[in-house]
Number of protein chains: 2
Amino acid sequence: MDAAELFKALSDPTRRTILDELQRSDGQTLFEICGRLIMKHGLSSSRQAISQHLAVLEEAGLVTTRREGRYKFHHLDTSPLRSIVERWPINDD
Amino acid sequence: MDAAELFKALSDPTRRTILDELQRSDGQTLFEICGRLIMKHGLSSSRQAISQHLAVLEEAGLVTTRREGRYKFHHLDTSPLRSIVERWPINDD
DNA sequence: TTGACAGGCAAGTGGTTACTTGCATATAAA
DNA sequence: TTTATATGCAAGTAACCACTTGCCTGTCAA
């Protein structure tokens with residue numbers, strides 16, 4: 001929603017990797033994301049660190065969540081990115 | 001070119017305002033940009049601060065420069081933004 | 001009910017970064 | 001040649017941010 005929160009969310013490389021991972025497989029839980037980041041992306045981030053990153057992404061509207069029992073599933077929403085190309089239309093090369 | 005530099009450049013509100021200002025009027029000098037930011041956008045940034053912001057934007061490829069004598073003109077280039085929507089295609093609402 | 005599992009909250013810490021300050025370089029006008 | 005103009009460089013400072021640490025809440029299985 002807010003431009004500041006959107007760009008702040010995108011400014012961190014770990015958060016961008018989380019978006020990549022959710023794009024590959026949408027609807028993952030916190031623990032699933034942690035495992036994938038360590039295994040495949042070679043990142044050694046703690047559960048708390050990833051949790052805080054997901055909160056930032058959710059504030060920016062890039063990630064939505066869905067609760068089911070003790071599980072919380074995370075979904076990618078790329079629609080806030082539209083505001084970027086609307087603000088600065090992309091030139092032809 | 002590099003994703004880290006691109007998102008880092010976009011993460012600062014003053015730098016985003018500079019992009020807005022260059023979109024309004026392309027090819028401004030450092031002093032012109034300083035004046036506009038103070039006058040119209042209500043920002044009280046020093047010349048050195050703006051100069052450093054422009055260097056970050058130039059490293060990210062969002063601003064190109066052209067020297068003419070003691071003047072240096074700054075031009076907006078939005079093409080690096082294409083990599084964002086290519087990395088995370090925008091969903092339909 | 002007890003234990004394991006999934007996640008949340010909050011204070012403290014280290015590194016990054018935006019900004020200032022002071023000086024330097026280069027071009028153009030007087 | 002002086003002087004003003006336009007910009008560049010580099011060290012120091014203060015605020016911000018990612019991360020850790022420790023403890024707490026809620027859910028489900030045994």
# chains A, B, ... in the order shown; residues from 1 in each chain; ligands from 1
$ closest_atom_pairs --of "chain C" --to "chain A" --cutoff "12 Å" --atoms "only C-alpha atoms (C1' of nucleotides)" --output "JSON lines"
{"residue": "C:DC5", "atom": "C1'", "partner": "A:Arg70", "partner_atom": "CA", "distance": 8.6}
{"residue": "C:DA6", "atom": "C1'", "partner": "A:Arg70", "partner_atom": "CA", "distance": 5.6}
{"residue": "C:DG7", "atom": "C1'", "partner": "A:Arg70", "partner_atom": "CA", "distance": 7.6}
{"residue": "C:DG8", "atom": "C1'", "partner": "A:Ser51", "partner_atom": "CA", "distance": 9.0}
{"residue": "C:DC9", "atom": "C1'", "partner": "A:Gln48", "partner_atom": "CA", "distance": 10.5}
$ select_by_dssp --residues "chain B" --states "strand (DSSP E or B)" --output "list in words"
Gln28, Val63, Thr64, Thr65, Arg66, Arg67, Glu68, Tyr71, Lys72, Phe73, His74, His75 and Leu76 of chain B
$ closest_residue --among "B:Trp88, B:Leu76, B:Val63, B:His53" --to "Leu10 (chain A)" --atoms "only C-alpha atoms"
B:Trp88
$ atom_distance --atom1 "CA of Pro80 (chain A)" --atom2 "CA of Leu81 (chain B)"
14.0 Å
$ atom_distance --atom1 "CA of Gly27 (chain B)" --atom2 "C1' of DT7 (chain D)"
15.8 Å
$ closest_atom_pairs --of "chain D" --to "chain B" --cutoff "12 Å" --atoms "only C-alpha atoms (C1' of nucleotides)" --output "tab-separated table"
residue	atom	partner	partner_atom	distance
D:DT5	C1'	B:Arg70	CA	8.4
D:DA6	C1'	B:Arg70	CA	5.6
D:DT7	C1'	B:Arg70	CA	7.5
D:DG8	C1'	B:Ser51	CA	9.1
D:DC9	C1'	B:Gln48	CA	10.5
